[in-house]
Amino acid sequence: MLVDLRSDTVTRPAEAMRRAMAEAEVGDEQHGEDPTVRRLEEMTADLLGKEAGLFLPSGTMCNEIAFLVHCRQGDEIINDYTGHAVTNEGGGPALLAGAMIRTVHGHNGVFTAEQLRGALRPKSRYAPISRAVVIEQTANYGGGTVWPLRTIREVCAVAHEHGLIAHMDGARLMNAVVASGVSAREQCATLDTAWLDMTKGLGAPIGAVLCGPAAFIEEAW
């Protein structure tokens, strides 16, 4: 028996999942009247320890909307050079949010608090403002490397010390939960915003949920 390991998105809905889709109670999601979507958003927000969630078609859209909320044009987002926002989003942060990405060279997609500190620019009217830092859990182009909880906390501490927003690209967060034994809530505790993908190894054909403070989700809408 061959196992297709080209991508964790090749998983397909099982029969039970297809049946659940067909039988799902639906409503007008635009008015908050779709009980199935609302339950998914609430469950995911609770899983990540955040106030609210927003169901979106893709994880890329979660990142781009988060950047739009967090950044002003000309701001800077700090990310590992292998990060999804750098390599796989078609220049979306620049195109949509008008924000540039400052890359750091971590080890297998994981960078340290000191590397973040070193990437911060001195305050200057001529320099972009460092506005956000992104942690990708797990680091896909780092071979699925799991960010240690201590490193997450240290990076977030430096980010908050300097007024940056800490954001998690949690496409494969549940892989990290299984590998590390550390809950998603604990991993996200020091992150301001985070999202979880429903298509990565879970069999869902579409969707991700962006989570954070209620005011952030309202603005994301």
# chains A, B, ... in the order shown; residues from 1 in each chain; ligands from 1
call {"tool": "closest_atom_pairs", "arguments": {"of": "segment 116-187 of chain A", "to": "segment 102-105 of chain A", "cutoff": "10 Å", "atoms": "only C-alpha atoms", "output": "CSV"}}
result
residue,atom,partner,partner_atom,distance
A:Leu116,CA,A:Val104,CA,7.5
A:Gly118,CA,A:Val104,CA,9.1
A:Ala119,CA,A:Val104,CA,7.1
A:Leu120,CA,A:Arg102,CA,9.2
A:Ser130,CA,A:Arg102,CA,8.7
A:Val133,CA,A:Arg102,CA,9.4
call {"tool": "residues_around", "arguments": {"residues": "segment 175-184 of chain A", "least_positions_apart": "5", "cutoff": "12 Å", "atoms": "only C-alpha atoms", "output": "compact mmCIF listing (two decimals) with N, CA and C atoms, in the first residue's frame"}}
result
# COMPACT_ATOMS: atom_id res chain seq x y z
N ASP A 8 -0.23 17.46 2.66
CA ASP A 8 -1.27 17.08 3.63
C ASP A 8 -2.64 17.59 3.21
N THR A 44 -13.42 26.55 17.70
CA THR A 44 -12.03 26.81 17.36
C THR A 44 -11.46 27.90 18.26
N ALA A 45 -12.24 28.96 18.49
CA ALA A 45 -11.77 30.02 19.39
C ALA A 45 -11.49 29.46 20.78
N ASP A 46 -12.36 28.60 21.27
CA ASP A 46 -12.15 27.99 22.58
C ASP A 46 -10.91 27.09 22.57
N LEU A 47 -10.71 26.35 21.48
CA LEU A 47 -9.56 25.47 21.35
C LEU A 47 -8.25 26.26 21.43
N LEU A 48 -8.24 27.46 20.82
CA LEU A 48 -7.04 28.28 20.79
C LEU A 48 -6.97 29.27 21.95
N GLY A 49 -8.02 29.31 22.76
CA GLY A 49 -8.02 30.20 23.92
C GLY A 49 -8.24 31.65 23.57
N LYS A 50 -9.01 31.91 22.51
CA LYS A 50 -9.26 33.29 22.07
C LYS A 50 -10.75 33.62 22.22
N GLU A 136 5.06 30.42 12.36
CA GLU A 136 4.35 29.40 11.58
C GLU A 136 4.52 28.04 12.27
N GLN A 137 3.42 27.53 12.77
CA GLN A 137 3.43 26.28 13.54
C GLN A 137 2.59 25.21 12.85
N THR A 138 3.15 24.13 12.35
CA THR A 138 4.58 23.84 12.29
C THR A 138 5.22 24.58 11.12
N ALA A 139 6.56 24.62 11.09
CA ALA A 139 7.26 25.31 10.01
C ALA A 139 7.31 24.39 8.79
N ASN A 140 6.45 24.64 7.84
CA ASN A 140 6.28 23.72 6.71
C ASN A 140 7.56 23.51 5.93
N GLY A 144 8.43 20.56 8.66
CA GLY A 144 7.43 20.31 9.69
C GLY A 144 7.98 20.49 11.10
N THR A 145 9.02 21.29 11.23
CA THR A 145 9.62 21.54 12.55
C THR A 145 8.61 22.18 13.49
N VAL A 146 8.58 21.68 14.71
CA VAL A 146 7.67 22.19 15.74
C VAL A 146 8.37 23.28 16.55
N TRP A 147 7.72 24.44 16.62
CA TRP A 147 8.24 25.51 17.49
C TRP A 147 8.10 25.06 18.95
N PRO A 148 9.19 25.04 19.72
CA PRO A 148 9.07 24.72 21.15
C PRO A 148 8.27 25.81 21.87
N LEU A 149 7.53 25.42 22.88
CA LEU A 149 6.71 26.36 23.62
C LEU A 149 7.56 27.48 24.21
N ARG A 150 8.71 27.16 24.71
CA ARG A 150 9.58 28.18 25.30
C ARG A 150 9.98 29.23 24.27
N MET A 168 0.07 33.93 14.84
CA MET A 168 0.44 32.56 14.48
C MET A 168 -0.26 32.10 13.22
N GLY A 170 -1.24 29.07 12.02
CA GLY A 170 -1.40 27.76 12.66
C GLY A 170 -1.95 26.71 11.72
N ALA A 189 -1.30 30.90 23.85
CA ALA A 189 -1.61 31.78 24.97
C ALA A 189 -0.96 33.15 24.86
N THR A 190 0.26 33.23 24.34
CA THR A 190 0.95 34.51 24.27
C THR A 190 0.84 35.16 22.89
N LEU A 191 0.11 34.50 21.98
CA LEU A 191 -0.13 35.07 20.64
C LEU A 191 -1.35 35.98 20.69
N ALA A 194 -4.35 34.10 15.95
CA ALA A 194 -3.91 32.81 15.42
C ALA A 194 -5.03 32.21 14.58
N TRP A 195 -4.68 31.26 13.75
CA TRP A 195 -5.71 30.57 12.98
C TRP A 195 -5.36 29.11 12.82
N LEU A 196 -6.39 28.33 12.54
CA LEU A 196 -6.26 26.89 12.39
C LEU A 196 -6.88 26.47 11.07
N ASP A 197 -6.16 25.67 10.31
CA ASP A 197 -6.63 25.20 9.00
C ASP A 197 -7.42 23.91 9.17
N MET A 198 -8.53 23.80 8.45
CA MET A 198 -9.35 22.60 8.51
C MET A 198 -8.99 21.59 7.42
N LYS A 200 -5.71 20.70 6.48
CA LYS A 200 -4.40 20.09 6.62
C LYS A 200 -4.49 18.79 7.41
N GLY A 201 -4.64 17.70 6.69
CA GLY A 201 -4.67 16.40 7.33
C GLY A 201 -5.98 16.05 8.00
N LEU A 202 -6.94 16.97 7.98
CA LEU A 202 -8.21 16.72 8.65
C LEU A 202 -9.30 16.27 7.68
call {"tool": "residues_around", "arguments": {"residues": "Arg117 of chain A", "least_positions_apart": "4", "cutoff": "12 Å", "atoms": "only C-alpha atoms", "output": "list in words"}}
result
Ile78, Val104, Phe111, Thr112, Ala113, Arg121, Pro122, Ser130, Val133, Glu154, Val155, Cys156, Ala157, Val158, Ala159, His160, Glu161, His162, Gly163 and Leu164 of chain A
call {"tool": "write_last_selection", "arguments": {"atoms": "C-alpha atoms", "output": "PDB file, in the first residue's frame"}}
result
ATOM      1  CA  ILE A  78       8.810  40.027  10.524  1.00  0.00           C
ATOM      2  CA  VAL A 104      15.050  36.413   9.438  1.00  0.00           C
ATOM      3  CA  PHE A 111      13.856  31.791  14.823  1.00  0.00           C
ATOM      4  CA  THR A 112      14.824  32.977  18.273  1.00  0.00           C
ATOM      5  CA  ALA A 113      13.840  35.945  20.397  1.00  0.00           C
ATOM      6  CA  ARG A 121      14.792  48.689  13.326  1.00  0.00           C
ATOM      7  CA  PRO A 122      15.804  51.711  15.377  1.00  0.00           C
ATOM      8  CA  SER A 130       7.912  46.933  12.692  1.00  0.00           C
ATOM      9  CA  VAL A 133       5.825  39.061  13.877  1.00  0.00           C
ATOM     10  CA  GLU A 154      10.274  34.203  24.291  1.00  0.00           C
ATOM     11  CA  VAL A 155       9.548  35.537  20.789  1.00  0.00           C
ATOM     12  CA  CYS A 156       6.163  36.851  21.903  1.00  0.00           C
ATOM     13  CA  ALA A 157       7.725  38.509  24.947  1.00  0.00           C
ATOM     14  CA  VAL A 158      10.195  40.434  22.771  1.00  0.00           C
ATOM     15  CA  ALA A 159       7.414  41.315  20.318  1.00  0.00           C
ATOM     16  CA  HIS A 160       5.197  42.722  23.057  1.00  0.00           C
ATOM     17  CA  GLU A 161       8.109  44.483  24.730  1.00  0.00           C
ATOM     18  CA  HIS A 162       8.545  46.468  21.509  1.00  0.00           C
ATOM     19  CA  GLY A 163       4.863  46.965  20.746  1.00  0.00           C
ATOM     20  CA  LEU A 164       4.568  44.343  17.993  1.00  0.00           C
TER      21      LEU A 164
END
call {"tool": "residues_around", "arguments": {"residues": "segment 94-101 of chain A", "least_positions_apart": "2", "cutoff": "7 Å", "atoms": "only C-alpha atoms", "output": "ChimeraX atom specification"}}
result
/A:67-68,71-79,91-92,103
call {"tool": "write_last_selection", "arguments": {"atoms": "N, CA and C atoms", "output": "mmCIF file, in the first residue's frame"}}
result
data_model
loop_
_atom_site.group_PDB
_atom_site.id
_atom_site.type_symbol
_atom_site.label_atom_id
_atom_site.label_comp_id
_atom_site.auth_asym_id
_atom_site.auth_seq_id
_atom_site.Cartn_x
_atom_site.Cartn_y
_atom_site.Cartn_z
ATOM 1 N N PHE A 67 -3.209 40.609 8.498
ATOM 2 C CA PHE A 67 -2.239 41.662 8.184
ATOM 3 C C PHE A 67 -2.944 42.980 7.867
ATOM 4 N N LEU A 68 -4.075 42.885 7.195
ATOM 5 C CA LEU A 68 -4.836 44.098 6.883
ATOM 6 C C LEU A 68 -5.326 44.798 8.146
ATOM 7 N N CYS A 71 -1.861 45.985 10.275
ATOM 8 C CA CYS A 71 -0.849 46.875 9.691
ATOM 9 C C CYS A 71 -1.450 48.071 8.959
ATOM 10 N N ARG A 72 -0.641 49.111 8.877
ATOM 11 C CA ARG A 72 -0.919 50.231 7.999
ATOM 12 C C ARG A 72 0.048 50.150 6.820
ATOM 13 N N GLN A 73 -0.272 50.844 5.741
ATOM 14 C CA GLN A 73 0.613 50.827 4.590
ATOM 15 C C GLN A 73 1.996 51.327 4.980
ATOM 16 N N GLY A 74 3.008 50.614 4.543
ATOM 17 C CA GLY A 74 4.381 50.975 4.864
ATOM 18 C C GLY A 74 4.930 50.292 6.096
ATOM 19 N N ASP A 75 4.064 49.569 6.839
ATOM 20 C CA ASP A 75 4.533 48.840 8.014
ATOM 21 C C ASP A 75 5.327 47.608 7.591
ATOM 22 N N GLU A 76 5.931 46.985 8.582
ATOM 23 C CA GLU A 76 6.791 45.834 8.334
ATOM 24 C C GLU A 76 6.335 44.640 9.169
ATOM 25 N N ILE A 77 6.342 43.471 8.518
ATOM 26 C CA ILE A 77 6.003 42.211 9.176
ATOM 27 C C ILE A 77 7.271 41.372 9.218
ATOM 28 N N ILE A 78 7.607 40.843 10.385
ATOM 29 C CA ILE A 78 8.810 40.027 10.524
ATOM 30 C C ILE A 78 8.426 38.555 10.483
ATOM 31 N N ASN A 79 9.121 37.803 9.622
ATOM 32 C CA ASN A 79 8.789 36.401 9.396
ATOM 33 C C ASN A 79 10.067 35.657 9.016
ATOM 34 N N GLY A 91 2.808 37.458 -2.859
ATOM 35 C CA GLY A 91 3.076 38.859 -2.521
ATOM 36 C C GLY A 91 1.896 39.555 -1.889
ATOM 37 N N GLY A 92 0.973 38.767 -1.318
ATOM 38 C CA GLY A 92 -0.263 39.310 -0.758
ATOM 39 C C GLY A 92 -0.083 40.404 0.277
ATOM 40 N N THR A 103 12.646 39.501 6.554
ATOM 41 C CA THR A 103 12.884 38.085 6.839
ATOM 42 C C THR A 103 14.060 37.891 7.777
#
call {"tool": "atom_distance", "arguments": {"atom1": "atom CA of Val37 of chain A", "atom2": "atom CA of Thr9 of chain A"}}
result
21.3 Å
call {"tool": "closest_residue", "arguments": {"among": "A:Pro13, A:Gly83, A:Pro57, A:Gly27", "to": "Gly207 of chain A", "atoms": "only C-alpha atoms"}}
result
A:Pro57
call {"tool": "select_by_dssp", "arguments": {"residues": "segment 2-157 of chain A", "states": "alpha helix (DSSP H)", "output": "CSV table (one decimal) with N, CA and C atoms, in the first residue's frame"}}
result
chain,number,residue,atom,x,y,z
A,15,GLU,N,-16.7,9.3,4.3
A,15,GLU,CA,-18.1,9.2,4.0
A,15,GLU,C,-18.9,9.9,5.2
A,16,ALA,N,-18.5,9.7,6.4
A,16,ALA,CA,-19.2,10.3,7.5
A,16,ALA,C,-19.1,11.8,7.5
A,17,MET,N,-18.0,12.3,7.0
A,17,MET,CA,-17.9,13.8,6.9
A,17,MET,C,-18.8,14.3,5.8
A,18,ARG,N,-18.9,13.6,4.7
A,18,ARG,CA,-19.8,14.0,3.6
A,18,ARG,C,-21.2,14.0,4.1
A,19,ARG,N,-21.6,13.0,4.8
A,19,ARG,CA,-22.9,12.9,5.3
A,19,ARG,C,-23.2,14.0,6.3
A,20,ALA,N,-22.2,14.4,7.2
A,20,ALA,CA,-22.4,15.5,8.1
A,20,ALA,C,-22.6,16.8,7.3
A,21,MET,N,-21.9,17.0,6.2
A,21,MET,CA,-22.1,18.2,5.4
A,21,MET,C,-23.5,18.2,4.9
A,22,ALA,N,-23.9,17.1,4.3
A,22,ALA,CA,-25.3,17.1,3.7
A,22,ALA,C,-26.4,17.3,4.7
A,23,GLU,N,-26.1,16.9,5.9
A,23,GLU,CA,-27.2,17.0,6.9
A,23,GLU,C,-27.0,18.2,7.9
A,35,PRO,N,-26.0,28.1,12.3
A,35,PRO,CA,-25.6,27.5,13.6
A,35,PRO,C,-24.4,26.7,13.5
A,36,THR,N,-24.2,26.0,12.3
A,36,THR,CA,-23.0,25.2,12.1
A,36,THR,C,-21.7,26.0,12.1
A,37,VAL,N,-21.8,27.1,11.3
A,37,VAL,CA,-20.6,27.9,11.2
A,37,VAL,C,-20.3,28.6,12.5
A,38,ARG,N,-21.3,29.0,13.2
A,38,ARG,CA,-21.1,29.7,14.5
A,38,ARG,C,-20.5,28.7,15.5
A,39,ARG,N,-21.0,27.5,15.5
A,39,ARG,CA,-20.4,26.5,16.4
A,39,ARG,C,-19.0,26.2,16.1
A,40,LEU,N,-18.6,26.1,14.8
A,40,LEU,CA,-17.2,25.9,14.4
A,40,LEU,C,-16.3,27.0,14.9
A,41,GLU,N,-16.8,28.2,14.7
A,41,GLU,CA,-16.0,29.4,15.1
A,41,GLU,C,-15.8,29.4,16.6
A,42,GLU,N,-16.9,29.1,17.4
A,42,GLU,CA,-16.8,29.1,18.8
A,42,GLU,C,-15.9,28.0,19.3
A,43,MET,N,-16.0,26.8,18.7
A,43,MET,CA,-15.2,25.7,19.1
A,43,MET,C,-13.7,26.0,18.9
A,44,THR,N,-13.4,26.5,17.7
A,44,THR,CA,-12.0,26.8,17.4
A,44,THR,C,-11.5,27.9,18.3
A,45,ALA,N,-12.2,29.0,18.5
A,45,ALA,CA,-11.8,30.0,19.4
A,45,ALA,C,-11.5,29.5,20.8
A,46,ASP,N,-12.4,28.6,21.3
A,46,ASP,CA,-12.2,28.0,22.6
A,46,ASP,C,-10.9,27.1,22.6
A,47,LEU,N,-10.7,26.4,21.5
A,47,LEU,CA,-9.6,25.5,21.4
A,47,LEU,C,-8.3,26.3,21.4
A,48,LEU,N,-8.2,27.5,20.8
A,48,LEU,CA,-7.0,28.3,20.8
A,48,LEU,C,-7.0,29.3,21.9
A,59,GLY,N,-6.5,29.4,4.7
A,59,GLY,CA,-5.6,29.9,5.6
A,59,GLY,C,-4.8,31.1,5.1
A,60,THR,N,-4.6,31.2,3.8
A,60,THR,CA,-4.0,32.3,3.2
A,60,THR,C,-4.8,33.6,3.5
A,61,MET,N,-6.1,33.4,3.3
A,61,MET,CA,-7.0,34.5,3.6
A,61,MET,C,-7.0,34.9,5.0
A,62,CYS,N,-6.8,34.0,5.9
A,62,CYS,CA,-6.6,34.3,7.4
A,62,CYS,C,-5.4,35.2,7.6
A,63,ASN,N,-4.3,34.8,7.0
A,63,ASN,CA,-3.1,35.6,7.1
A,63,ASN,C,-3.3,37.0,6.5
A,64,GLU,N,-3.9,37.1,5.3
A,64,GLU,CA,-4.0,38.4,4.6
A,64,GLU,C,-4.9,39.3,5.4
A,65,ILE,N,-6.0,38.8,5.9
A,65,ILE,CA,-7.0,39.6,6.6
A,65,ILE,C,-6.4,40.1,7.9
A,66,ALA,N,-5.6,39.2,8.6
A,66,ALA,CA,-5.0,39.6,9.8
A,66,ALA,C,-4.0,40.7,9.6
A,67,PHE,N,-3.2,40.6,8.5
A,67,PHE,CA,-2.2,41.7,8.2
A,67,PHE,C,-2.9,43.0,7.9
A,68,LEU,N,-4.1,42.9,7.2
A,68,LEU,CA,-4.8,44.1,6.9
A,68,LEU,C,-5.3,44.8,8.1
A,69,VAL,N,-5.7,44.0,9.1
A,69,VAL,CA,-6.2,44.6,10.4
A,69,VAL,C,-5.0,45.1,11.2
A,70,HIS,N,-3.9,44.4,11.3
A,70,HIS,CA,-2.8,44.7,12.1
A,70,HIS,C,-2.0,45.9,11.6
A,84,HIS,N,5.2,31.0,5.1
A,84,HIS,CA,4.2,30.9,4.1
A,84,HIS,C,3.8,32.2,3.5
A,85,ALA,N,3.8,33.3,4.3
A,85,ALA,CA,3.5,34.6,3.8
A,85,ALA,C,4.6,35.1,2.9
A,86,VAL,N,5.8,34.6,3.0
A,86,VAL,CA,6.9,35.0,2.1
A,86,VAL,C,6.9,34.2,0.8
A,87,THR,N,6.6,32.9,0.9
A,87,THR,CA,6.8,31.9,-0.2
A,87,THR,C,5.6,31.5,-1.0
A,92,GLY,N,1.0,38.8,-1.3
A,92,GLY,CA,-0.3,39.3,-0.8
A,92,GLY,C,-0.1,40.4,0.3
A,113,ALA,N,14.2,34.6,19.9
A,113,ALA,CA,13.8,35.9,20.4
A,113,ALA,C,15.0,36.9,20.1
A,114,GLU,N,16.2,36.5,20.2
A,114,GLU,CA,17.3,37.4,19.9
A,114,GLU,C,17.4,37.7,18.4
A,115,GLN,N,17.0,36.8,17.5
A,115,GLN,CA,16.9,37.1,16.1
A,115,GLN,C,15.9,38.1,15.8
A,116,LEU,N,14.7,38.0,16.5
A,116,LEU,CA,13.7,39.0,16.4
A,116,LEU,C,14.2,40.3,16.9
A,117,ARG,N,14.8,40.4,18.0
A,117,ARG,CA,15.3,41.6,18.5
A,117,ARG,C,16.3,42.3,17.6
A,118,GLY,N,17.1,41.4,16.9
A,118,GLY,CA,18.1,41.9,16.0
A,118,GLY,C,17.5,42.5,14.7
A,119,ALA,N,16.3,42.0,14.4
A,119,ALA,CA,15.6,42.4,13.2
A,119,ALA,C,14.8,43.7,13.4
A,149,LEU,N,7.5,25.4,22.9
A,149,LEU,CA,6.7,26.4,23.6
A,149,LEU,C,7.6,27.5,24.2
A,150,ARG,N,8.7,27.2,24.7
A,150,ARG,CA,9.6,28.2,25.3
A,150,ARG,C,10.0,29.2,24.3
A,151,THR,N,10.3,28.8,23.0
A,151,THR,CA,10.7,29.7,22.0
A,151,THR,C,9.5,30.6,21.6
A,152,ILE,N,8.3,30.0,21.5
A,152,ILE,CA,7.1,30.8,21.2
A,152,ILE,C,7.0,31.9,22.3
A,153,ARG,N,7.1,31.6,23.5
A,153,ARG,CA,6.9,32.5,24.6
A,153,ARG,C,7.9,33.6,24.6
A,154,GLU,N,9.2,33.2,24.3
A,154,GLU,CA,10.3,34.2,24.3
A,154,GLU,C,10.1,35.2,23.1
A,155,VAL,N,9.8,34.7,22.0
A,155,VAL,CA,9.5,35.5,20.8
A,155,VAL,C,8.4,36.5,21.0
A,156,CYS,N,7.3,36.0,21.6
A,156,CYS,CA,6.2,36.9,21.9
A,156,CYS,C,6.5,37.9,22.9
A,157,ALA,N,7.3,37.5,23.9
A,157,ALA,CA,7.7,38.5,24.9
A,157,ALA,C,8.5,39.7,24.3
call {"tool": "residues_around", "arguments": {"residues": "Tyr141 of chain A", "least_positions_apart": "6", "cutoff": "8 Å", "atoms": "only C-alpha atoms", "output": "list in words"}}
result
Thr82, Gly83, Asn108 and Gly109 of chain A
call {"tool": "write_last_selection", "arguments": {"atoms": "N, CA and C atoms", "output": "PDB file, in the first residue's frame"}}
result
ATOM      1  N   THR A  82      11.451  31.336   5.202  1.00  0.00           N
ATOM      2  CA  THR A  82      10.723  30.217   4.611  1.00  0.00           C
ATOM      3  C   THR A  82       9.223  30.285   4.895  1.00  0.00           C
ATOM      4  N   GLY A  83       8.776  31.334   5.581  1.00  0.00           N
ATOM      5  CA  GLY A  83       7.379  31.419   6.005  1.00  0.00           C
ATOM      6  C   GLY A  83       6.397  31.455   4.851  1.00  0.00           C
ATOM      7  N   ASN A 108      15.461  25.811  10.318  1.00  0.00           N
ATOM      8  CA  ASN A 108      14.292  25.021   9.900  1.00  0.00           C
ATOM      9  C   ASN A 108      12.985  25.756  10.163  1.00  0.00           C
ATOM     10  N   GLY A 109      12.998  27.058   9.905  1.00  0.00           N
ATOM     11  CA  GLY A 109      11.775  27.847  10.018  1.00  0.00           C
ATOM     12  C   GLY A 109      11.492  28.410  11.388  1.00  0.00           C
TER      13      GLY A 109
END
call {"tool": "atom_distance", "arguments": {"atom1": "atom CA of Glu33 of chain A", "atom2": "atom CA of Ser58 of chain A"}}
result
21.2 Å
call {"tool": "select_by_dssp", "arguments": {"residues": "segment 92-196 of chain A", "states": "strand (DSSP E or B)", "output": "PyMOL selection string"}}
result
chain A and resi 100-104+107+110+130-136+139+145+165-170+193-196
call {"tool": "write_last_selection", "arguments": {"atoms": "N, CA and C atoms", "output": "PDB file, in the first residue's frame"}}
result
ATOM      1  N   MET A 100       5.497  45.478   4.018  1.00  0.00           N
ATOM      2  CA  MET A 100       6.652  44.723   3.559  1.00  0.00           C
ATOM      3  C   MET A 100       7.014  43.662   4.593  1.00  0.00           C
ATOM      4  N   ILE A 101       7.712  42.626   4.140  1.00  0.00           N
ATOM      5  CA  ILE A 101       8.135  41.570   5.053  1.00  0.00           C
ATOM      6  C   ILE A 101       9.641  41.643   5.238  1.00  0.00           C
ATOM      7  N   ARG A 102      10.062  41.669   6.483  1.00  0.00           N
ATOM      8  CA  ARG A 102      11.486  41.606   6.826  1.00  0.00           C
ATOM      9  C   ARG A 102      11.773  40.179   7.267  1.00  0.00           C
ATOM     10  N   THR A 103      12.646  39.501   6.554  1.00  0.00           N
ATOM     11  CA  THR A 103      12.884  38.085   6.839  1.00  0.00           C
ATOM     12  C   THR A 103      14.060  37.891   7.777  1.00  0.00           C
ATOM     13  N   VAL A 104      13.939  36.860   8.594  1.00  0.00           N
ATOM     14  CA  VAL A 104      15.050  36.413   9.438  1.00  0.00           C
ATOM     15  C   VAL A 104      15.357  34.971   9.066  1.00  0.00           C
ATOM     16  N   HIS A 107      16.339  28.516  12.088  1.00  0.00           N
ATOM     17  CA  HIS A 107      16.783  27.143  11.840  1.00  0.00           C
ATOM     18  C   HIS A 107      15.557  26.292  11.547  1.00  0.00           C
ATOM     19  N   VAL A 110      12.345  28.105  12.356  1.00  0.00           N
ATOM     20  CA  VAL A 110      12.155  28.569  13.733  1.00  0.00           C
ATOM     21  C   VAL A 110      13.257  29.571  14.076  1.00  0.00           C
ATOM     22  N   SER A 130       8.109  48.362  12.445  1.00  0.00           N
ATOM     23  CA  SER A 130       7.912  46.933  12.692  1.00  0.00           C
ATOM     24  C   SER A 130       6.601  46.765  13.453  1.00  0.00           C
ATOM     25  N   ARG A 131       5.622  46.121  12.812  1.00  0.00           N
ATOM     26  CA  ARG A 131       4.276  46.095  13.374  1.00  0.00           C
ATOM     27  C   ARG A 131       3.863  44.714  13.886  1.00  0.00           C
ATOM     28  N   ALA A 132       4.356  43.655  13.228  1.00  0.00           N
ATOM     29  CA  ALA A 132       3.902  42.308  13.592  1.00  0.00           C
ATOM     30  C   ALA A 132       5.004  41.291  13.363  1.00  0.00           C
ATOM     31  N   VAL A 133       4.916  40.191  14.083  1.00  0.00           N
ATOM     32  CA  VAL A 133       5.825  39.061  13.877  1.00  0.00           C
ATOM     33  C   VAL A 133       4.976  37.814  13.694  1.00  0.00           C
ATOM     34  N   VAL A 134       5.408  36.930  12.796  1.00  0.00           N
ATOM     35  CA  VAL A 134       4.627  35.733  12.467  1.00  0.00           C
ATOM     36  C   VAL A 134       5.392  34.479  12.879  1.00  0.00           C
ATOM     37  N   ILE A 135       4.706  33.608  13.580  1.00  0.00           N
ATOM     38  CA  ILE A 135       5.204  32.279  13.920  1.00  0.00           C
ATOM     39  C   ILE A 135       4.394  31.274  13.115  1.00  0.00           C
ATOM     40  N   GLU A 136       5.056  30.421  12.360  1.00  0.00           N
ATOM     41  CA  GLU A 136       4.349  29.396  11.575  1.00  0.00           C
ATOM     42  C   GLU A 136       4.517  28.044  12.265  1.00  0.00           C
ATOM     43  N   ALA A 139       6.559  24.623  11.090  1.00  0.00           N
ATOM     44  CA  ALA A 139       7.263  25.310  10.008  1.00  0.00           C
ATOM     45  C   ALA A 139       7.312  24.386   8.794  1.00  0.00           C
ATOM     46  N   THR A 145       9.016  21.295  11.228  1.00  0.00           N
ATOM     47  CA  THR A 145       9.618  21.535  12.545  1.00  0.00           C
ATOM     48  C   THR A 145       8.610  22.179  13.494  1.00  0.00           C
ATOM     49  N   ILE A 165       2.650  43.080  17.319  1.00  0.00           N
ATOM     50  CA  ILE A 165       1.594  42.087  17.430  1.00  0.00           C
ATOM     51  C   ILE A 165       2.178  40.728  17.074  1.00  0.00           C
ATOM     52  N   ALA A 166       1.879  39.715  17.874  1.00  0.00           N
ATOM     53  CA  ALA A 166       2.361  38.363  17.622  1.00  0.00           C
ATOM     54  C   ALA A 166       1.223  37.542  17.001  1.00  0.00           C
ATOM     55  N   HIS A 167       1.473  37.029  15.810  1.00  0.00           N
ATOM     56  CA  HIS A 167       0.452  36.322  15.035  1.00  0.00           C
ATOM     57  C   HIS A 167       0.950  34.926  14.704  1.00  0.00           C
ATOM     58  N   MET A 168       0.071  33.927  14.835  1.00  0.00           N
ATOM     59  CA  MET A 168       0.445  32.559  14.482  1.00  0.00           C
ATOM     60  C   MET A 168      -0.263  32.100  13.220  1.00  0.00           C
ATOM     61  N   ASP A 169       0.524  31.679  12.251  1.00  0.00           N
ATOM     62  CA  ASP A 169       0.029  30.920  11.112  1.00  0.00           C
ATOM     63  C   ASP A 169      -0.048  29.483  11.606  1.00  0.00           C
ATOM     64  N   GLY A 170      -1.238  29.070  12.023  1.00  0.00           N
ATOM     65  CA  GLY A 170      -1.404  27.764  12.658  1.00  0.00           C
ATOM     66  C   GLY A 170      -1.950  26.710  11.723  1.00  0.00           C
ATOM     67  N   THR A 193      -3.124  36.875  17.866  1.00  0.00           N
ATOM     68  CA  THR A 193      -4.069  36.288  16.916  1.00  0.00           C
ATOM     69  C   THR A 193      -3.480  34.996  16.367  1.00  0.00           C
ATOM     70  N   ALA A 194      -4.352  34.098  15.949  1.00  0.00           N
ATOM     71  CA  ALA A 194      -3.911  32.807  15.420  1.00  0.00           C
ATOM     72  C   ALA A 194      -5.032  32.209  14.583  1.00  0.00           C
ATOM     73  N   TRP A 195      -4.676  31.259  13.748  1.00  0.00           N
ATOM     74  CA  TRP A 195      -5.712  30.574  12.976  1.00  0.00           C
ATOM     75  C   TRP A 195      -5.360  29.108  12.823  1.00  0.00           C
ATOM     76  N   LEU A 196      -6.394  28.332  12.540  1.00  0.00           N
ATOM     77  CA  LEU A 196      -6.261  26.885  12.389  1.00  0.00           C
ATOM     78  C   LEU A 196      -6.879  26.470  11.066  1.00  0.00           C
TER      79      LEU A 196
END
call {"tool": "atom_distance", "arguments": {"atom1": "atom CA of Asp192 of chain A", "atom2": "atom CA of Phe216 of chain A"}}
result
9.5 Å
call {"tool": "closest_residue", "arguments": {"among": "A:Pro93, A:Pro128, A:Gly143, A:Glu51", "to": "Gly212 of chain A", "atoms": "only C-alpha atoms"}}
result
A:Glu51
